[in-house]
file upload_36.cif (mmCIF, C-alpha atoms)
data_target
#
loop_
_atom_site.label_atom_id
_atom_site.label_comp_id
_atom_site.auth_asym_id
_atom_site.auth_seq_id
_atom_site.Cartn_x
_atom_site.Cartn_y
_atom_site.Cartn_z
CA MET A 671 15.48 -22.67 -8.70
CA THR A 672 17.95 -23.11 -5.85
CA LYS A 673 17.43 -21.53 -2.44
CA GLN A 674 20.44 -19.28 -3.06
CA LYS A 675 18.89 -18.02 -6.30
CA ALA A 676 15.57 -17.52 -4.52
CA MET A 677 17.30 -15.38 -1.88
CA TRP A 678 18.88 -13.28 -4.62
CA VAL A 679 15.50 -12.72 -6.28
CA LEU A 680 13.93 -11.80 -2.91
CA THR A 681 16.74 -9.30 -2.28
CA SER A 682 16.09 -7.71 -5.68
CA VAL A 683 12.35 -7.55 -4.98
CA MET A 684 13.02 -5.90 -1.63
CA LEU A 685 15.30 -3.28 -3.18
CA LEU A 686 12.68 -2.61 -5.84
CA SER A 687 10.03 -2.22 -3.14
CA VAL A 688 12.20 0.19 -1.14
CA LEU A 689 12.92 2.41 -4.14
CA GLY A 690 9.39 2.29 -5.51
CA THR A 691 7.69 2.99 -2.19
CA ALA A 692 10.18 5.73 -1.31
CA GLY A 693 9.16 7.49 -4.50
CA ILE A 694 5.51 7.15 -3.53
CA ALA A 695 6.11 8.38 0.03
CA LEU A 696 8.34 11.36 -0.74
CA PRO A 697 5.47 13.87 -1.14
CA TYR A 698 3.44 12.87 1.93
CA PRO A 699 5.01 15.20 4.52
CA VAL A 700 5.14 17.94 1.88
CA LEU A 701 1.57 18.22 0.59
CA ALA A 702 -0.24 19.23 3.80
CA PRO A 703 2.14 22.12 4.66
CA TYR A 704 2.25 23.11 0.96
CA PHE A 705 -1.55 23.43 0.68
CA LEU A 706 -2.24 24.75 4.18
CA ASP A 707 0.78 26.80 5.29
CA SER A 708 2.55 28.01 2.14
CA PRO A 709 1.83 31.38 0.47
CA PRO A 710 -1.32 31.10 -1.69
CA ASN A 711 -0.87 30.30 -5.37
CA ASP A 712 -3.03 29.19 -8.31
CA LEU A 713 -2.47 25.51 -7.47
CA THR A 714 -3.31 25.57 -3.76
CA HIS A 715 -6.22 28.04 -4.15
CA PHE A 716 -7.63 26.82 -7.47
CA MET A 717 -10.90 28.67 -8.32
CA GLY A 718 -11.08 29.96 -4.75
CA ILE A 719 -11.83 26.49 -3.34
CA HIS A 720 -10.81 25.87 0.29
CA PRO A 721 -7.22 24.47 0.41
CA LYS A 722 -8.29 21.50 2.57
CA ILE A 723 -10.80 20.42 -0.06
CA LEU A 724 -8.16 20.79 -2.78
CA LEU A 725 -5.74 18.78 -0.61
CA GLY A 726 -8.37 16.06 -0.24
CA PHE A 727 -8.82 15.87 -4.02
CA SER A 728 -5.04 15.85 -4.53
CA LEU A 729 -4.74 12.95 -2.10
CA ALA A 730 -7.61 11.12 -3.84
CA PHE A 731 -6.34 11.27 -7.43
CA TYR A 732 -3.16 9.31 -6.75
CA PRO A 733 -4.88 6.29 -5.12
CA LEU A 734 -7.57 6.50 -7.82
CA GLY A 735 -4.77 5.90 -10.31
CA LEU A 736 -3.43 3.09 -8.13
CA LEU A 737 -6.89 1.55 -8.11
CA ILE A 738 -7.13 1.63 -11.91
CA GLY A 739 -3.61 0.22 -12.27
CA ASN A 740 -3.97 -2.53 -9.70
CA ILE A 741 -7.18 -3.85 -11.23
CA PHE A 742 -5.28 -5.07 -14.28
CA VAL A 743 -1.49 -4.64 -13.80
CA GLY A 744 -1.10 -7.72 -11.60
CA ALA A 745 -3.25 -9.84 -13.91
CA LEU A 746 -1.30 -8.63 -16.96
CA SER A 747 1.95 -9.64 -15.27
CA ASP A 748 0.52 -13.15 -14.75
CA SER A 749 0.12 -13.43 -18.53
CA TYR A 750 2.77 -11.20 -20.11
CA GLY A 751 5.54 -11.62 -17.53
CA ARG A 752 6.55 -9.77 -14.38
CA ARG A 753 9.65 -8.17 -15.91
CA LYS A 754 8.00 -6.70 -19.01
CA VAL A 755 5.06 -5.17 -17.14
CA LEU A 756 7.33 -3.84 -14.38
CA LEU A 757 9.60 -2.05 -16.86
CA ILE A 758 6.71 -0.42 -18.72
CA THR A 759 4.97 0.76 -15.56
CA LEU A 760 8.18 2.01 -13.91
CA PHE A 761 8.93 4.14 -16.98
CA GLY A 762 5.40 5.57 -16.87
CA SER A 763 5.77 6.28 -13.17
CA ALA A 764 8.97 8.27 -13.71
CA VAL A 765 7.23 10.31 -16.43
CA GLY A 766 4.34 10.94 -14.04
CA TYR A 767 6.65 12.38 -11.38
CA LEU A 768 8.32 14.64 -13.94
CA LEU A 769 4.92 15.95 -15.07
CA THR A 770 3.94 16.52 -11.42
CA ALA A 771 7.04 18.64 -10.87
CA MET A 772 6.17 20.67 -13.97
CA ALA A 773 2.63 21.21 -12.69
CA VAL A 774 4.00 22.58 -9.40
CA VAL A 775 6.35 24.95 -11.25
CA TYR A 776 3.52 26.25 -13.45
CA GLU A 777 1.02 26.21 -10.54
CA SER A 778 -1.54 24.10 -12.42
CA PHE A 779 -3.96 22.23 -10.18
CA ILE A 780 -5.51 20.37 -13.12
CA GLY A 781 -2.07 19.37 -14.40
CA PHE A 782 -1.06 18.33 -10.86
CA THR A 783 -4.06 16.03 -10.39
CA ILE A 784 -3.78 14.47 -13.87
CA ALA A 785 -0.06 13.81 -13.31
CA ARG A 786 -0.79 12.24 -9.92
CA LEU A 787 -3.46 10.06 -11.55
CA LEU A 788 -1.01 8.86 -14.23
CA THR A 789 1.66 8.15 -11.61
CA GLY A 790 -0.81 6.13 -9.57
CA VAL A 791 -1.89 4.01 -12.55
CA CYS A 792 1.72 3.05 -13.22
CA GLU A 793 2.57 2.44 -9.57
CA GLY A 794 -0.02 -0.29 -9.40
CA ASN A 795 3.08 -2.42 -10.05
CA MET A 796 3.85 -2.94 -6.35
CA SER A 797 1.47 -5.92 -6.46
CA ILE A 798 3.88 -7.54 -8.93
CA ALA A 799 6.74 -7.37 -6.42
CA ARG A 800 4.58 -9.14 -3.83
CA ALA A 801 3.56 -11.76 -6.38
CA ILE A 802 7.23 -12.50 -7.15
CA ALA A 803 7.92 -12.88 -3.41
CA ALA A 804 4.95 -15.24 -2.95
CA GLU A 805 6.11 -17.42 -5.84
CA LEU A 806 9.45 -18.14 -4.15
CA HIS A 807 7.65 -20.71 -1.98
CA PRO A 808 8.77 -23.44 -1.11
CA HIS A 809 12.40 -22.27 -1.51
CA ILE A 810 11.53 -19.46 0.92
CA GLU A 811 8.55 -19.90 3.23
CA ARG A 812 5.62 -17.85 1.89
CA THR A 813 4.90 -15.81 5.04
CA LYS A 814 8.59 -15.01 5.46
CA ALA A 815 9.00 -13.87 1.84
CA ILE A 816 5.87 -11.69 1.91
CA SER A 817 6.70 -10.20 5.32
CA MET A 818 10.21 -9.32 4.08
CA SER A 819 8.66 -7.70 1.01
CA TYR A 820 6.39 -5.70 3.29
CA ALA A 821 9.34 -4.73 5.47
CA ALA A 822 10.98 -3.31 2.34
CA ASN A 823 7.79 -1.37 1.57
CA TYR A 824 7.81 0.05 5.09
CA ALA A 825 11.48 0.99 4.66
CA GLY A 826 10.45 2.99 1.62
CA TRP A 827 7.79 4.72 3.69
CA LEU A 828 10.51 5.54 6.21
CA ILE A 829 13.12 6.79 3.75
CA GLY A 830 10.73 8.65 1.44
CA PRO A 831 9.15 11.07 3.96
CA VAL A 832 12.53 11.84 5.54
CA ILE A 833 14.03 12.74 2.18
CA GLY A 834 10.87 14.63 1.17
CA GLY A 835 10.72 16.53 4.45
CA PHE A 836 14.25 17.79 4.09
CA LEU A 837 14.22 18.33 0.31
CA VAL A 838 11.23 20.67 0.54
CA ILE A 839 13.53 23.57 1.46
CA TYR A 840 14.69 23.44 -2.18
CA GLY A 841 11.10 23.63 -3.44
CA VAL A 842 8.16 21.25 -3.73
CA SER A 843 8.98 20.49 -7.38
CA THR A 844 12.42 19.22 -6.29
CA VAL A 845 10.73 16.53 -4.19
CA PHE A 846 8.92 15.12 -7.23
CA LEU A 847 12.07 15.33 -9.38
CA PHE A 848 13.93 13.31 -6.75
CA ALA A 849 11.10 10.76 -6.74
CA ALA A 850 11.47 10.38 -10.51
CA GLY A 851 15.18 9.68 -9.98
CA GLY A 852 14.39 6.96 -7.42
CA ILE A 853 12.01 5.29 -9.85
CA GLY A 854 14.75 5.45 -12.49
CA VAL A 855 17.04 3.47 -10.18
CA ALA A 856 14.25 0.91 -9.67
CA PHE A 857 13.90 0.62 -13.46
CA ALA A 858 17.62 -0.18 -13.79
CA LEU A 859 17.36 -2.72 -10.97
CA VAL A 860 14.54 -4.61 -12.68
CA PHE A 861 16.26 -4.46 -16.06
CA PHE A 862 19.48 -6.05 -14.79
CA THR A 863 18.27 -8.45 -12.05
CA ILE A 864 14.92 -9.93 -13.13
CA GLU A 865 15.52 -12.54 -15.80
CA ARG A 866 13.40 -12.67 -18.95
CA ARG A 867 13.12 -16.44 -18.99
CA GLN A 868 11.96 -16.46 -15.37
CA GLU A 869 9.00 -14.18 -16.04
CA ARG A 870 7.93 -14.67 -19.64
CA LYS A 871 4.96 -16.83 -20.47
CA ASP A 872 3.32 -17.79 -23.76
CA THR A 873 0.82 -15.05 -24.60
CA SER A 874 0.28 -15.85 -28.27
CA THR A 875 -3.41 -16.60 -27.79
CA ILE A 876 -4.06 -14.09 -25.06
CA GLN A 877 -5.48 -10.71 -26.03
CA PHE A 878 -4.57 -7.67 -23.96
CA TRP A 879 -8.11 -6.31 -23.65
CA SER A 880 -9.50 -9.75 -22.92
CA ILE A 881 -7.23 -9.99 -19.87
CA ILE A 882 -8.34 -6.58 -18.65
CA ARG A 883 -12.01 -7.38 -19.17
CA ARG A 884 -12.21 -11.01 -18.05
CA ASN A 885 -9.21 -11.64 -15.83
CA ASN A 886 -8.75 -8.48 -13.78
CA SER A 887 -8.44 -8.60 -10.01
CA LEU A 888 -12.07 -7.65 -9.38
CA THR A 889 -13.28 -10.89 -10.97
CA LEU A 890 -12.05 -12.65 -7.81
CA LEU A 891 -15.05 -11.18 -5.97
CA LYS A 892 -17.29 -13.66 -7.79
CA ASN A 893 -15.80 -16.27 -5.44
CA LYS A 894 -17.86 -16.21 -2.24
CA GLN A 895 -15.02 -17.67 -0.19
CA ILE A 896 -12.91 -14.56 -0.69
CA LEU A 897 -15.65 -12.11 0.37
CA PRO A 898 -15.09 -12.29 4.18
CA ILE A 899 -11.43 -11.32 3.93
CA PHE A 900 -12.29 -8.72 1.27
CA TRP A 901 -14.84 -6.96 3.49
CA PHE A 902 -12.49 -7.10 6.46
CA TYR A 903 -9.71 -5.50 4.46
CA PHE A 904 -12.04 -2.98 2.81
CA LEU A 905 -13.18 -1.59 6.18
CA TYR A 906 -9.75 -1.97 7.78
CA SER A 907 -7.98 -0.09 5.01
CA MET A 908 -10.65 2.63 5.08
CA GLY A 909 -9.68 3.24 8.70
CA LEU A 910 -5.97 2.93 8.00
CA ASN A 911 -6.14 5.44 5.15
CA ALA A 912 -8.02 7.90 7.32
CA PHE A 913 -4.94 7.88 9.55
CA TYR A 914 -2.35 7.84 6.74
CA ASP A 915 -3.90 10.69 4.77
CA PHE A 916 -4.84 13.02 7.59
CA TYR A 917 -2.30 12.68 10.39
CA PRO A 918 -0.14 15.24 8.52
CA VAL A 919 -3.16 17.60 8.55
CA TRP A 920 -3.57 16.94 12.29
CA PHE A 921 0.10 17.85 12.80
CA VAL A 922 -0.42 21.19 11.06
CA ASP A 923 -3.78 21.93 12.73
CA TYR A 924 -2.97 21.03 16.35
CA LEU A 925 0.82 21.05 16.70
CA ASP A 926 1.70 23.70 14.09
CA ALA A 927 4.31 21.23 12.81
CA ASP A 928 6.50 21.62 9.74
CA SER A 929 7.47 19.00 7.12
CA GLN A 930 10.55 17.89 9.09
CA THR A 931 8.51 17.11 12.22
CA ILE A 932 5.97 15.12 10.19
CA ALA A 933 8.84 13.26 8.54
CA TRP A 934 10.40 12.24 11.88
CA ALA A 935 7.05 11.04 13.22
CA THR A 936 6.73 8.93 10.07
CA VAL A 937 10.18 7.51 10.81
CA ALA A 938 9.00 6.36 14.26
CA LEU A 939 5.91 4.80 12.67
CA THR A 940 7.65 2.98 9.84
CA ALA A 941 10.75 1.92 11.78
CA CYS A 942 8.57 -0.19 14.06
CA MET A 943 6.66 -1.54 11.06
CA ILE A 944 9.96 -2.64 9.51
CA ILE A 945 11.28 -4.31 12.67
CA VAL A 946 8.06 -6.19 13.43
CA SER A 947 7.50 -7.25 9.81
CA SER A 948 11.11 -8.42 9.40
CA PHE A 949 11.55 -10.39 12.63
CA TRP A 950 8.19 -11.14 14.23
CA VAL A 951 5.31 -11.42 11.76
CA ASP A 952 6.20 -14.88 10.44
CA LYS A 953 6.81 -16.19 13.97
CA LEU A 954 3.52 -14.78 15.26
CA ASN A 955 1.70 -16.22 12.26
CA ALA A 956 3.14 -19.68 12.83
CA ARG A 957 1.96 -19.60 16.44
CA PHE A 958 -1.44 -17.87 16.27
CA GLY A 959 -2.60 -17.91 12.62
CA GLU A 960 -3.75 -15.15 10.31
CA ILE A 961 -7.31 -14.69 11.56
CA LYS A 962 -6.45 -14.30 15.23
CA LEU A 963 -3.68 -11.81 14.46
CA MET A 964 -5.98 -9.74 12.24
CA VAL A 965 -8.50 -9.55 15.09
CA VAL A 966 -5.97 -8.71 17.82
CA GLY A 967 -3.91 -6.35 15.67
CA GLY A 968 -7.00 -4.54 14.41
CA SER A 969 -8.43 -4.14 17.92
CA LEU A 970 -5.21 -2.68 19.29
CA LEU A 971 -4.88 -0.40 16.27
CA CYS A 972 -8.39 0.93 16.88
CA LEU A 973 -7.47 1.86 20.47
CA ALA A 974 -4.28 3.56 19.28
CA PHE A 975 -6.23 5.62 16.72
CA ILE A 976 -8.59 6.77 19.48
CA ILE A 977 -5.65 7.97 21.59
CA GLN A 978 -3.52 9.55 18.85
CA PRO A 979 -5.56 12.71 18.01
CA PHE A 980 -5.44 13.90 21.64
CA ILE A 981 -1.73 13.59 22.42
CA GLY A 982 0.81 16.39 22.67
CA MET A 983 4.17 16.70 20.99
CA ASP A 984 5.90 14.98 23.94
CA ARG A 985 4.02 11.71 23.22
CA VAL A 986 4.00 11.75 19.44
CA PHE A 987 6.94 9.43 18.87
CA PRO A 988 6.04 6.60 21.29
CA VAL A 989 2.40 6.60 20.16
CA PHE A 990 3.36 6.55 16.48
CA ALA A 991 5.81 3.72 17.19
CA MET A 992 3.02 1.76 18.90
CA ILE A 993 0.72 2.33 15.91
CA GLY A 994 3.48 1.03 13.63
CA VAL A 995 3.67 -2.24 15.58
CA PHE A 996 -0.08 -2.86 15.34
CA ILE A 997 -0.22 -1.99 11.62
CA ALA A 998 2.60 -4.44 10.85
CA VAL A 999 0.84 -7.28 12.68
CA ALA A 1000 -2.64 -6.83 11.17
CA ASN A 1001 -1.51 -5.67 7.73
CA GLY A 1002 1.03 -8.47 7.26
CA MET A 1003 -1.61 -11.18 7.62
CA VAL A 1004 -3.80 -10.11 4.71
CA PRO A 1005 -1.41 -10.83 1.79
CA THR A 1006 -0.26 -14.06 3.44
CA TYR A 1007 -3.87 -15.22 3.82
CA LEU A 1008 -4.76 -14.26 0.23
CA SER A 1009 -1.62 -15.82 -1.24
CA LYS A 1010 -1.97 -19.06 0.71
CA TYR A 1011 -5.67 -19.79 0.13
CA PHE A 1012 -6.37 -18.00 -3.17
CA GLY A 1013 -2.98 -17.87 -4.91
CA HIS A 1014 -4.05 -20.60 -7.33
CA PHE A 1015 -6.12 -17.93 -9.13
CA GLY A 1016 -2.85 -16.11 -9.97
CA GLN A 1017 -0.56 -14.43 -7.46
CA GLY A 1018 -0.44 -11.16 -9.43
CA LYS A 1019 -4.22 -11.14 -9.66
CA VAL A 1020 -4.65 -11.82 -5.94
CA MET A 1021 -2.12 -9.20 -4.85
CA GLY A 1022 -3.73 -6.79 -7.27
CA LEU A 1023 -7.08 -7.26 -5.49
CA GLN A 1024 -5.51 -6.40 -2.15
CA THR A 1025 -3.86 -3.25 -3.46
CA SER A 1026 -6.97 -2.27 -5.45
CA THR A 1027 -9.01 -2.50 -2.27
CA PHE A 1028 -6.51 -0.33 -0.43
CA CYS A 1029 -6.63 2.22 -3.23
CA VAL A 1030 -10.40 2.49 -3.57
CA THR A 1031 -10.71 3.05 0.17
CA ASN A 1032 -8.00 5.70 -0.07
CA VAL A 1033 -10.00 7.51 -2.76
CA ILE A 1034 -13.16 7.39 -0.63
CA ILE A 1035 -11.46 8.59 2.55
CA ALA A 1036 -9.43 11.32 0.82
CA SER A 1037 -12.58 12.66 -0.88
CA LEU A 1038 -14.79 12.57 2.21
CA GLY A 1039 -12.06 13.39 4.73
CA GLY A 1040 -11.13 16.69 3.09
CA PRO A 1041 -14.49 18.39 3.84
CA LEU A 1042 -14.68 16.67 7.27
CA SER A 1043 -11.20 17.93 8.17
CA ILE A 1044 -12.46 21.50 7.78
CA LEU A 1045 -14.43 20.84 10.96
CA SER A 1046 -11.55 18.94 12.59
CA SER A 1047 -8.84 16.56 11.42
CA ARG A 1048 -9.42 14.71 14.71
CA TRP A 1049 -12.83 13.62 13.46
CA VAL A 1050 -11.28 12.02 10.38
CA ILE A 1051 -8.85 9.92 12.45
CA LEU A 1052 -11.56 8.95 14.94
CA THR A 1053 -13.74 7.89 12.01
CA GLY A 1054 -10.80 5.72 10.98
CA ALA A 1055 -10.77 4.13 14.43
CA ALA A 1056 -14.47 3.29 14.14
CA LEU A 1057 -13.96 1.72 10.71
CA VAL A 1058 -11.11 -0.48 11.96
CA MET A 1059 -13.31 -1.68 14.81
CA VAL A 1060 -16.13 -2.54 12.39
CA SER A 1061 -13.62 -4.54 10.31
CA VAL A 1062 -12.72 -6.57 13.42
CA VAL A 1063 -16.40 -7.24 14.06
CA VAL A 1064 -16.80 -8.47 10.46
CA MET A 1065 -13.84 -10.80 10.91
CA LEU A 1066 -15.32 -12.22 14.12
CA MET A 1067 -18.73 -12.71 12.48
CA THR A 1068 -17.26 -14.63 9.52
CA ARG A 1069 -14.60 -16.49 11.48
CA LYS A 1070 -16.43 -19.83 11.47
CA ARG A 1071 -16.92 -19.81 7.69
CA GLN A 1072 -13.26 -18.93 7.11
CA GLN A 1073 -12.08 -21.64 9.50
CA GLU A 1074 -14.09 -24.23 7.56
CA MET A 1075 -12.33 -23.11 4.36
CA ILE A 1076 -8.92 -23.29 6.06
CA ASP A 1077 -9.63 -26.80 7.40
CA HIS A 1078 -10.72 -27.93 3.92
CA TYR A 1079 -7.54 -26.46 2.40
CA ASP A 1080 -5.33 -28.14 5.02
CA ALA A 1081 -7.04 -31.48 4.42
CA GLU A 1082 -6.50 -31.26 0.65
CA SER A 1083 -2.86 -30.24 1.18
CA SER A 1084 -2.30 -33.26 3.42
CA VAL A 1085 -3.75 -35.57 0.76
CA GLU A 1086 -1.48 -34.06 -1.92
CA VAL A 1087 1.59 -34.49 0.31
CA ALA A 1088 0.62 -38.12 1.03
CA ASN A 1089 0.18 -38.83 -2.69
CA VAL A 1090 3.61 -37.39 -3.43
#

call {"tool": "encode", "arguments": {"input": "upload_36.cif", "output": "structure tokens"}}
result
Amino acid sequence: MTKQKAMWVLTSVMLLSVLGTAGIALPYPVLAPYFLDSPPNDLTHFMGIHPKILLGFSLAFYPLGLLIGNIFVGALSDSYGRRKVLLITLFGSAVGYLLTAMAVVYESFIGFTIARLLTGVCEGNMSIARAIAAELHPHIERTKAISMSYAANYAGWLIGPVIGGFLVIYGVSTVFLFAAGGIGVAFALVFFTIERRQERKDTSTIQFWSIIRRNNSLTLLKNKQILPIFWFYFLYSMGLNAFYDFYPVWFVDYLDADSQTIAWATVALTACMIIVSSFWVDKLNARFGEIKLMVVGGSLLCLAFIIQPFIGMDRVFPVFAMIGVFIAVANGMVPTYLSKYFGHFGQGKVMGLQTSTFCVTNVIIASLGGPLSILSSRWVILTGAALVMVSVVVMLMTRKRQQEMIDHYDAESSVEVANV
């Protein structure tokens, strides 16, 4: 592969990430006002259960699906090919959004949660896009390719909520229909830009269920060297998801905000994530290294989460922009670290572990945060701050062990280069 071809593939991956993530992010500024501020209906007041608890369950079912999907989707793409698995899962994702829209129209909470679960399973395919980006090394430096892929994800998180916030005036079901359309565009992009011969591998002796059972992302946890970064990211993403899932609830509870206001705050957050990930993450990594940036970024993010629940509307945008900077720094180091030191196990498998971890923590926080938010949504975000700080402590406690692994890897790499 030439560098020019690698750049074209990276561009395609970034466009796929933008469209896919935008579809995921469309409903986020919509769900909290829909459950908490809209006129009661059979979906938002199912069996007389408190709307905040129903919202928590609704938020949990989607990442539960992501968790299920990411456990095996990345590993399947390692064996059956990125293109084939992407096309199948994108089609399923579009169907999931259509079913979600139908559930809203017919006010079915059970149908809504099942459709969100199905959509999540299929959208475990974002790990495949990151795997493709990581595999462009050495034509494109690994950190640069992954950070650009993340920047595209953040762009989707910027575009999606804005579109969702302003489409909601046409009805909540319209938001999910629009998301299905975005996934359809992503399907066409993969079909016409990702080459079959680039992704296909010989699978004649590989059984589908054997891959799921023996080669899924969770099998990586048998390797003790990966456990320190896993536990850091587990606790870190618990805290991050507490913020992601419940800052819209905080907006409604304390600022009486509507979907448009939540969408613009998300723009401030994600715009800074895009800028930092696109232009600074690879430079900072080259100078300071992954571990130091995870520690510093996580510490600053913890402080920002402590401040955020107590600000007024006049400080929302600068504080959310600051949070976006810290997320981009800490978050961008995890996939680079995993890809660099554990990519030999399979890039799809490794990226699947990262996304699976993010998803399982989202399920936990969404389930526990719903009841806690009845007391106060501030408590959920402050709990997130505490979890991020614990993750930093874990990183500091295991820093020596990780440095020994890094030194060993660098020594082996130097020997390989010398032999060449």

call {"tool": "residues_near_point", "arguments": {"input": "upload_36.cif", "point": "(4.5, -12.5, -11.2)", "cutoff": "6 Å", "atoms": "only C-alpha atoms", "output": "PyMOL selection string"}}
result
chain A and resi 747-748+752+798+801-802+1018

call {"tool": "resolve_selection", "arguments": {"input": "upload_36.cif", "expression": "the PyMOL selection byres ((chain A and resi 1000-1007) around 10)", "output": "ChimeraX atom specification"}}
result
/A:800-801,804,812-821,899-900,902-903,906-907,910,943,946-947,951-952,954-955,959-971,995-999,1008-1013,1017,1020-1021,1023-1025,1076

call {"tool": "write_last_selection", "arguments": {"input": "upload_36.cif", "atoms": "C-alpha atoms", "output": "compact mmCIF listing (two decimals), in the coordinates of the input"}}
result
# COMPACT_ATOMS: atom_id res chain seq x y z
CA ARG A 800 4.58 -9.14 -3.83
CA ALA A 801 3.56 -11.76 -6.38
CA ALA A 804 4.95 -15.24 -2.95
CA ARG A 812 5.62 -17.85 1.89
CA THR A 813 4.90 -15.81 5.04
CA LYS A 814 8.59 -15.01 5.46
CA ALA A 815 9.00 -13.87 1.84
CA ILE A 816 5.87 -11.69 1.91
CA SER A 817 6.70 -10.20 5.32
CA MET A 818 10.21 -9.32 4.08
CA SER A 819 8.66 -7.70 1.01
CA TYR A 820 6.39 -5.70 3.29
CA ALA A 821 9.34 -4.73 5.47
CA ILE A 899 -11.43 -11.32 3.93
CA PHE A 900 -12.29 -8.72 1.27
CA PHE A 902 -12.49 -7.10 6.46
CA TYR A 903 -9.71 -5.50 4.46
CA TYR A 906 -9.75 -1.97 7.78
CA SER A 907 -7.98 -0.09 5.01
CA LEU A 910 -5.97 2.93 8.00
CA MET A 943 6.66 -1.54 11.06
CA VAL A 946 8.06 -6.19 13.43
CA SER A 947 7.50 -7.25 9.81
CA VAL A 951 5.31 -11.42 11.76
CA ASP A 952 6.20 -14.88 10.44
CA LEU A 954 3.52 -14.78 15.26
CA ASN A 955 1.70 -16.22 12.26
CA GLY A 959 -2.60 -17.91 12.62
CA GLU A 960 -3.75 -15.15 10.31
CA ILE A 961 -7.31 -14.69 11.56
CA LYS A 962 -6.45 -14.30 15.23
CA LEU A 963 -3.68 -11.81 14.46
CA MET A 964 -5.98 -9.74 12.24
CA VAL A 965 -8.50 -9.55 15.09
CA VAL A 966 -5.97 -8.71 17.82
CA GLY A 967 -3.91 -6.35 15.67
CA GLY A 968 -7.00 -4.54 14.41
CA SER A 969 -8.43 -4.14 17.92
CA LEU A 970 -5.21 -2.68 19.29
CA LEU A 971 -4.88 -0.40 16.27
CA VAL A 995 3.67 -2.24 15.58
CA PHE A 996 -0.08 -2.86 15.34
CA ILE A 997 -0.22 -1.99 11.62
CA ALA A 998 2.60 -4.44 10.85
CA VAL A 999 0.84 -7.28 12.68
CA LEU A 1008 -4.76 -14.26 0.23
CA SER A 1009 -1.62 -15.82 -1.24
CA LYS A 1010 -1.97 -19.06 0.71
CA TYR A 1011 -5.67 -19.79 0.13
CA PHE A 1012 -6.37 -18.00 -3.17
CA GLY A 1013 -2.98 -17.87 -4.91
CA GLN A 1017 -0.56 -14.43 -7.46
CA VAL A 1020 -4.65 -11.82 -5.94
CA MET A 1021 -2.12 -9.20 -4.85
CA LEU A 1023 -7.08 -7.26 -5.49
CA GLN A 1024 -5.51 -6.40 -2.15
CA THR A 1025 -3.86 -3.25 -3.46
CA ILE A 1076 -8.92 -23.29 6.06

call {"tool": "resolve_selection", "arguments": {"input": "upload_36.cif", "expression": "the PyMOL selection byres ((chain A and resi 1058-1067) around 6)", "output": "PDB file with C-alpha atoms, keeping the file's coordinate frame"}}
result
ATOM      1  CA  PHE A 902     -12.490  -7.100   6.460  1.00  0.00           C
ATOM      2  CA  LEU A 905     -13.180  -1.590   6.180  1.00  0.00           C
ATOM      3  CA  TYR A 906      -9.750  -1.970   7.780  1.00  0.00           C
ATOM      4  CA  GLY A 909      -9.680   3.240   8.700  1.00  0.00           C
ATOM      5  CA  VAL A 965      -8.500  -9.550  15.090  1.00  0.00           C
ATOM      6  CA  CYS A 972      -8.390   0.930  16.880  1.00  0.00           C
ATOM      7  CA  ALA A1055     -10.770   4.130  14.430  1.00  0.00           C
ATOM      8  CA  ALA A1056     -14.470   3.290  14.140  1.00  0.00           C
ATOM      9  CA  LEU A1057     -13.960   1.720  10.710  1.00  0.00           C
ATOM     10  CA  THR A1068     -17.260 -14.630   9.520  1.00  0.00           C
ATOM     11  CA  ARG A1069     -14.600 -16.490  11.480  1.00  0.00           C
TER      12      ARG A1069
END

call {"tool": "residues_around", "arguments": {"input": "upload_36.cif", "residues": "Ile1051 of chain A", "least_positions_apart": "6", "cutoff": "8 Å", "atoms": "all atoms listed in the file", "output": "PyMOL selection string"}}
result
chain A and resi 909+912-913+916-917+975-976+979

call {"tool": "atom_distance", "arguments": {"input": "upload_36.cif", "atom1": "atom CA of Leu787 of chain A", "atom2": "atom CA of Asp928 of chain A"}}
result
26.2 Å

call {"tool": "closest_residue", "arguments": {"input": "upload_36.cif", "among": "A:Tyr704, A:Phe836, A:Phe980, A:Phe846", "to": "Ala785 of chain A", "atoms": "all atoms listed in the file"}}
result
A:Phe846

call {"tool": "residues_around", "arguments": {"input": "upload_36.cif", "residues": "segment 756-765 of chain A", "least_positions_apart": "4", "cutoff": "9 Å", "atoms": "all atoms listed in the file", "output": "number ranges by chain"}}
result
A: 690, 743, 747, 751-752, 769-770, 785, 788-796, 798-799, 847, 849-854, 856-858, 860-861

call {"tool": "residues_around", "arguments": {"input": "upload_36.cif", "residues": "segment 1030-1032 of chain A", "least_positions_apart": "2", "cutoff": "6 Å", "atoms": "all atoms listed in the file", "output": "PDB file with C-alpha atoms, in the coordinates of the input"}}
result
ATOM      1  CA  PRO A 733      -4.880   6.290  -5.120  1.00  0.00           C
ATOM      2  CA  LEU A 737      -6.890   1.550  -8.110  1.00  0.00           C
ATOM      3  CA  MET A 908     -10.650   2.630   5.080  1.00  0.00           C
ATOM      4  CA  ASN A 911      -6.140   5.440   5.150  1.00  0.00           C
ATOM      5  CA  THR A1027      -9.010  -2.500  -2.270  1.00  0.00           C
ATOM      6  CA  PHE A1028      -6.510  -0.330  -0.430  1.00  0.00           C
ATOM      7  CA  ILE A1034     -13.160   7.390  -0.630  1.00  0.00           C
ATOM      8  CA  ILE A1035     -11.460   8.590   2.550  1.00  0.00           C
ATOM      9  CA  ALA A1036      -9.430  11.320   0.820  1.00  0.00           C
TER      10      ALA A1036
END

call {"tool": "atom_distance", "arguments": {"input": "upload_36.cif", "atom1": "atom CA of Trp920 of chain A", "atom2": "atom CA of Val989 of chain A"}}
result
14.3 Å

call {"tool": "resolve_selection", "arguments": {"input": "upload_36.cif", "expression": "the PyMOL selection byres ((chain A and resi 1040) around 6)", "output": "PyMOL selection string"}}
result
chain A and resi 722-723+726+1037-1039+1041-1043
